[in-house]
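J.: Quick one: the structure is below, questions incoming.
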Amino acid sequence: MKVNVLTLYPEMFPGCLGYSLVGKALAEKKWELNVVNIRDFSDNHYKSVDDTPFGGGAGMIMRPDILDKALTSVNPQGQIYYLSPRGETFCQTTAQKWAQTPELTFVCGRFEGVDERVLEKWSIQEISVGDFVLSGGEPALLTMLDATVRLIDGVLGNAESIQEESFSNGLLEYPQYTKPQNWENRLVPEVLTSGHHAKIKQWRHEQSELLTKTRRPDLYEKYLTNLKKGK
Ligand code: SAH
């Protein structure tokens, strides 16, 4: 998978994506990162890329002509996304879809955002990390790419852990325990040390359902609906 990133802060990449599983996958070229500095396409002495909004109001807007030049230089294949609180909220399903995509391009906004016309011209889709406002798209993108890259075939060592983790089966993950078995008089649930695999599986499933029902009734509703549909 090739990832093009258009940003005013290229030094923020790979950032946390250079570490652990995802960083190892980058070093092994299981995915590729092409970072483009939008400022390189500025047409003026001050290297500015923004201007005041027509109609007045606070803040600055990123200029469409400069972003357009940056995008042309990338010649993106496939969908372009703009990190934006107005977009559809990113979720595990999006990560799964992206992990199967050969090339993705992302525009990270700064200031008050970008001129609407560049979004229209390039049919850019907006994607949000959640209902809050960041100062720039970069931290949102780092989060989304971390979630995506670990799902690329061969990145995570144990493929089973992908199937069992939160959201993959529509449920939150069951509680996990490791050694010591008795820690400050808190014991590990007995069933987990029983060696009885079917019982362990059943206990984990029940715990997953219970946790989802109490913590995320919205997810639980969806899970029940999908169960009825036989999904
Ligand atoms: N004026 C905008 C917010 C601009 S925040 C508004 O009210 O909608 C500056 C930049 O941060 C945006 O251009 C966007 O790229 C990024 N950003 C802010 N919040 C975000 C979120 N929840 N998800 C993804 N990107 C976000």
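In the structure tokens, chains take the letters A, B, ... in the order shown, each chain's residues start at 1, and ligands count up from 1 in the order shown.
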May I ask you to write as a ChimeraX atom specification all residues lying at most 12 Å from ligand 1, with only C-alpha atoms and all ligand atoms counted?
T.: /A:5-8,50,53,57-63,81-90,106-116,119,125-144
J.: Skip range 186-199 of chain A itself and residues of its chain fewer than 6 positions away, then list as a list in words all residues within 12 Å of it, counting only C-alpha atoms.
T.: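 What passes the distance filter is Tyr174, Pro175, Gln176, Tyr177, Thr178, Lys179, Pro180, His205, Glu206 and Gln207 of chain A.
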J.: Residues of the last selection are to be written out with C-alpha atoms, as a PDB file, in the first residue's frame.
T.:
```pdb
ATOM      1  CA  TYR A 174     -13.236  -9.759  26.773  1.00  0.00           C
ATOM      2  CA  PRO A 175     -10.975  -9.078  29.813  1.00  0.00           C
ATOM      3  CA  GLN A 176      -7.418 -10.478  29.544  1.00  0.00           C
ATOM      4  CA  TYR A 177      -5.056 -11.744  32.259  1.00  0.00           C
ATOM      5  CA  THR A 178      -1.434 -12.839  32.535  1.00  0.00           C
ATOM      6  CA  LYS A 179       0.996 -13.899  35.271  1.00  0.00           C
ATOM      7  CA  PRO A 180       1.094 -13.776  38.254  1.00  0.00           C
ATOM      8  CA  HIS A 205     -17.825 -14.718  24.383  1.00  0.00           C
ATOM      9  CA  GLU A 206     -20.204 -14.119  27.300  1.00  0.00           C
ATOM     10  CA  GLN A 207     -17.846 -11.508  28.759  1.00  0.00           C
TER      11      GLN A 207
END
```
J.: Step one, run DSSP on the backbone; step two, keep only residues of range 19-94 of chain A assigned to alpha helix (DSSP H); then write them as a list in words.
T.: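 Those in range 19-94 of chain A that DSSP calls alpha helix (DSSP H) are Ser20, Leu21, Val22, Gly23, Lys24, Ala25, Leu26, Ala27, Pro64, Asp65, Ile66, Leu67, Asp68, Lys69, Ala70, Leu71, Thr72, Ser73, Val74, Gln92, Thr93 and Thr94 of chain A.
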J.: Please write the residues from the selection above to a file, keeping all heavy atoms, as a compact mmCIF listing (two decimals), in the first residue's frame.
T.:
```
# COMPACT_ATOMS: atom_id res chain seq x y z
N SER A 20 7.44 0.15 16.49
CA SER A 20 6.70 -1.09 16.74
C SER A 20 6.32 -1.80 15.44
O SER A 20 7.02 -1.68 14.44
CB SER A 20 5.49 -0.74 17.60
OG SER A 20 4.81 -1.86 18.01
N LEU A 21 5.20 -2.49 15.46
CA LEU A 21 4.74 -3.29 14.31
C LEU A 21 4.66 -2.50 13.01
O LEU A 21 5.12 -2.94 11.97
CB LEU A 21 3.29 -3.72 14.59
CG LEU A 21 3.02 -4.88 15.49
CD1 LEU A 21 1.52 -4.98 15.74
CD2 LEU A 21 3.51 -6.13 14.77
N VAL A 22 4.05 -1.32 13.13
CA VAL A 22 3.78 -0.49 11.95
C VAL A 22 5.08 0.08 11.39
O VAL A 22 5.27 0.16 10.17
CB VAL A 22 2.77 0.63 12.36
CG1 VAL A 22 2.59 1.63 11.24
CG2 VAL A 22 1.44 0.00 12.75
N GLY A 23 6.01 0.43 12.26
CA GLY A 23 7.32 0.94 11.85
C GLY A 23 8.15 -0.16 11.19
O GLY A 23 8.84 0.08 10.20
N LYS A 24 8.05 -1.36 11.75
CA LYS A 24 8.77 -2.50 11.18
C LYS A 24 8.24 -2.79 9.77
O LYS A 24 9.01 -3.03 8.84
CB LYS A 24 8.58 -3.72 12.09
CG LYS A 24 9.52 -4.85 11.80
CD LYS A 24 9.57 -5.86 12.95
CE LYS A 24 10.05 -7.20 12.47
NZ LYS A 24 9.01 -8.23 12.38
N ALA A 25 6.93 -2.71 9.63
CA ALA A 25 6.30 -2.94 8.32
C ALA A 25 6.73 -1.87 7.31
O ALA A 25 6.89 -2.16 6.13
CB ALA A 25 4.78 -2.95 8.46
N LEU A 26 6.96 -0.66 7.79
CA LEU A 26 7.42 0.43 6.92
C LEU A 26 8.86 0.14 6.46
O LEU A 26 9.17 0.25 5.27
CB LEU A 26 7.36 1.76 7.68
CG LEU A 26 7.72 3.02 6.90
CD1 LEU A 26 6.77 3.24 5.72
CD2 LEU A 26 7.67 4.25 7.82
N ALA A 27 9.71 -0.27 7.41
CA ALA A 27 11.10 -0.60 7.08
C ALA A 27 11.16 -1.78 6.11
O ALA A 27 12.02 -1.82 5.23
CB ALA A 27 11.86 -0.92 8.36
N PRO A 64 -6.59 27.25 -2.63
CA PRO A 64 -6.86 26.11 -3.51
C PRO A 64 -5.78 25.93 -4.58
O PRO A 64 -5.44 24.80 -4.93
CB PRO A 64 -8.19 26.46 -4.16
CG PRO A 64 -8.28 27.95 -4.10
CD PRO A 64 -7.56 28.36 -2.85
N ASP A 65 -5.23 27.04 -5.10
CA ASP A 65 -4.27 26.93 -6.20
C ASP A 65 -2.98 26.24 -5.75
O ASP A 65 -2.40 25.43 -6.49
CB ASP A 65 -3.98 28.31 -6.82
CG ASP A 65 -3.60 29.36 -5.77
OD1 ASP A 65 -3.90 29.15 -4.57
OD2 ASP A 65 -2.98 30.38 -6.14
N ILE A 66 -2.57 26.51 -4.51
CA ILE A 66 -1.33 25.91 -4.00
C ILE A 66 -1.54 24.41 -3.71
O ILE A 66 -0.73 23.57 -4.09
CB ILE A 66 -0.82 26.69 -2.78
CG1 ILE A 66 -0.43 28.11 -3.25
CG2 ILE A 66 0.34 25.99 -2.09
CD1 ILE A 66 -0.15 29.09 -2.15
N LEU A 67 -2.66 24.11 -3.07
CA LEU A 67 -2.98 22.70 -2.81
C LEU A 67 -3.13 21.92 -4.12
O LEU A 67 -2.69 20.76 -4.23
CB LEU A 67 -4.30 22.59 -2.05
CG LEU A 67 -4.20 22.40 -0.55
CD1 LEU A 67 -5.59 22.35 0.06
CD2 LEU A 67 -3.46 21.09 -0.25
N ASP A 68 -3.70 22.58 -5.11
CA ASP A 68 -3.90 21.95 -6.42
C ASP A 68 -2.56 21.56 -7.04
O ASP A 68 -2.40 20.46 -7.57
CB ASP A 68 -4.65 22.93 -7.33
CG ASP A 68 -4.94 22.33 -8.70
OD1 ASP A 68 -5.71 21.34 -8.75
OD2 ASP A 68 -4.38 22.83 -9.70
N LYS A 69 -1.59 22.46 -6.93
CA LYS A 69 -0.25 22.16 -7.48
C LYS A 69 0.38 20.99 -6.74
O LYS A 69 1.02 20.12 -7.35
CB LYS A 69 0.66 23.39 -7.36
CG LYS A 69 0.45 24.41 -8.47
CD LYS A 69 1.56 25.45 -8.42
CE LYS A 69 1.02 26.81 -8.79
NZ LYS A 69 1.68 27.91 -8.10
N ALA A 70 0.22 20.98 -5.42
CA ALA A 70 0.78 19.88 -4.62
C ALA A 70 0.14 18.55 -5.03
O ALA A 70 0.83 17.54 -5.20
CB ALA A 70 0.57 20.14 -3.14
N LEU A 71 -1.18 18.56 -5.25
CA LEU A 71 -1.89 17.34 -5.65
C LEU A 71 -1.46 16.89 -7.04
O LEU A 71 -1.25 15.70 -7.28
CB LEU A 71 -3.41 17.57 -5.61
CG LEU A 71 -4.04 17.50 -4.22
CD1 LEU A 71 -5.44 18.10 -4.21
CD2 LEU A 71 -4.08 16.05 -3.73
N THR A 72 -1.30 17.84 -7.95
CA THR A 72 -0.87 17.51 -9.31
C THR A 72 0.50 16.83 -9.28
O THR A 72 0.73 15.85 -10.01
CB THR A 72 -0.84 18.78 -10.19
OG1 THR A 72 -2.13 19.38 -10.14
CG2 THR A 72 -0.48 18.48 -11.63
N SER A 73 1.37 17.34 -8.43
CA SER A 73 2.73 16.76 -8.34
C SER A 73 2.69 15.30 -7.88
O SER A 73 3.52 14.49 -8.27
CB SER A 73 3.61 17.58 -7.40
OG SER A 73 3.40 17.17 -6.07
N VAL A 74 1.70 14.99 -7.04
CA VAL A 74 1.57 13.62 -6.51
C VAL A 74 0.95 12.68 -7.56
O VAL A 74 1.24 11.49 -7.59
CB VAL A 74 0.70 13.63 -5.22
CG1 VAL A 74 0.27 12.24 -4.82
CG2 VAL A 74 1.45 14.30 -4.08
N GLN A 92 -13.37 1.00 12.46
CA GLN A 92 -12.64 -0.23 12.12
C GLN A 92 -12.97 -0.72 10.70
O GLN A 92 -12.09 -1.23 10.01
CB GLN A 92 -12.97 -1.31 13.17
CG GLN A 92 -12.10 -2.54 13.11
CD GLN A 92 -10.65 -2.28 13.52
OE1 GLN A 92 -10.30 -1.23 14.03
NE2 GLN A 92 -9.81 -3.26 13.29
N THR A 93 -14.22 -0.52 10.29
CA THR A 93 -14.62 -0.95 8.93
C THR A 93 -13.84 -0.15 7.89
O THR A 93 -13.42 -0.70 6.87
CB THR A 93 -16.13 -0.74 8.73
OG1 THR A 93 -16.79 -1.25 9.88
CG2 THR A 93 -16.65 -1.42 7.50
N THR A 94 -13.63 1.14 8.13
CA THR A 94 -12.85 1.97 7.20
C THR A 94 -11.42 1.46 7.17
O THR A 94 -10.83 1.32 6.10
CB THR A 94 -12.85 3.46 7.65
OG1 THR A 94 -14.14 3.81 8.12
CG2 THR A 94 -12.43 4.38 6.52
```
J.: I'd like the contact shell of Leu171 in chain A - 6 Å cut-off, only C-alpha atoms, skipping same-chain residues fewer than 3 positions apart - returned as a CSV table (one decimal) with all heavy atoms, in the first residue's frame.
T.:
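Just written: out.csv:
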```
chain,number,residue,atom,x,y,z
A,166,SER,N,-11.4,-6.1,19.7
A,166,SER,CA,-12.6,-5.2,19.7
A,166,SER,C,-13.0,-4.8,18.3
A,166,SER,O,-12.2,-4.5,17.5
A,166,SER,CB,-12.3,-4.0,20.6
A,166,SER,OG,-12.0,-4.3,21.9
A,167,PHE,N,-14.3,-4.8,18.1
A,167,PHE,CA,-15.0,-4.3,16.9
A,167,PHE,C,-15.0,-5.3,15.7
A,167,PHE,O,-15.9,-5.3,14.9
A,167,PHE,CB,-14.4,-3.0,16.4
A,167,PHE,CG,-14.3,-1.9,17.4
A,167,PHE,CD1,-13.2,-1.3,17.8
A,167,PHE,CD2,-15.5,-1.4,18.0
A,167,PHE,CE1,-13.1,-0.4,18.8
A,167,PHE,CE2,-15.5,-0.5,19.0
A,167,PHE,CZ,-14.3,0.1,19.4
A,212,THR,N,-20.1,-5.3,26.1
A,212,THR,CA,-20.6,-4.5,25.0
A,212,THR,C,-22.0,-4.0,25.4
A,212,THR,O,-22.3,-2.8,25.1
A,212,THR,CB,-20.7,-5.3,23.7
A,212,THR,OG1,-19.4,-6.0,23.5
A,212,THR,CG2,-20.9,-4.4,22.5
```
J.: Suppose you want the space between CA of Leu17 in chain A and CA of Ile38 in chain A; what is it in Å?
T.: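 Distance reported for this atom pair: 20.5 Å.
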J.: Range 43-114 of chain A: which residues are strand (DSSP E) by DSSP, as a ChimeraX atom specification?
T.: /A:50-51,61-62,80-89,103-107
J.: Please report the interatomic distance between CA of Glu11 in chain A and CA of Asn37 in chain A in Å with one decimal.
T.: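 Pair CA of Glu11 in chain A / CA of Asn37 in chain A returns 9.3 Å.
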J.: Let me make sure I understand: among A:Arg117, A:Lys97, A:Asn169, A:Glu184, which one has the smallest atom-to-atom distance to Tyr220 in chain A if we use only C-alpha atoms?
T.: A:Asn169
J.: What's around Thr105 in chain A at 7 Å? Count only C-alpha atoms, leave out sequence neighbours fewer than 3 positions away in its own chain, and write the answer as a list in words.
T.: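 Once the nearby chain positions are removed, what remains is Val3, Asn4, Val5, Pro76, Gln79, Ile80 and Tyr81 of chain A.
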J.: From the options A:Thr52, A:Ser123, A:Thr214, A:Asn34, which residue's atoms come nearest to Gly78 in chain A, counting only C-alpha atoms?
T.: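 Checking each of A:Thr52, A:Ser123, A:Thr214, A:Asn34 against Gly78 in chain A, counting only C-alpha atoms, the winner is A:Ser123.
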J.: What gap, in Å, lies between CA of Gln202 in chain A and CA of Asp153 in chain A?
T.: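 Rounded to one decimal, the two atoms are 28.2 Å apart.
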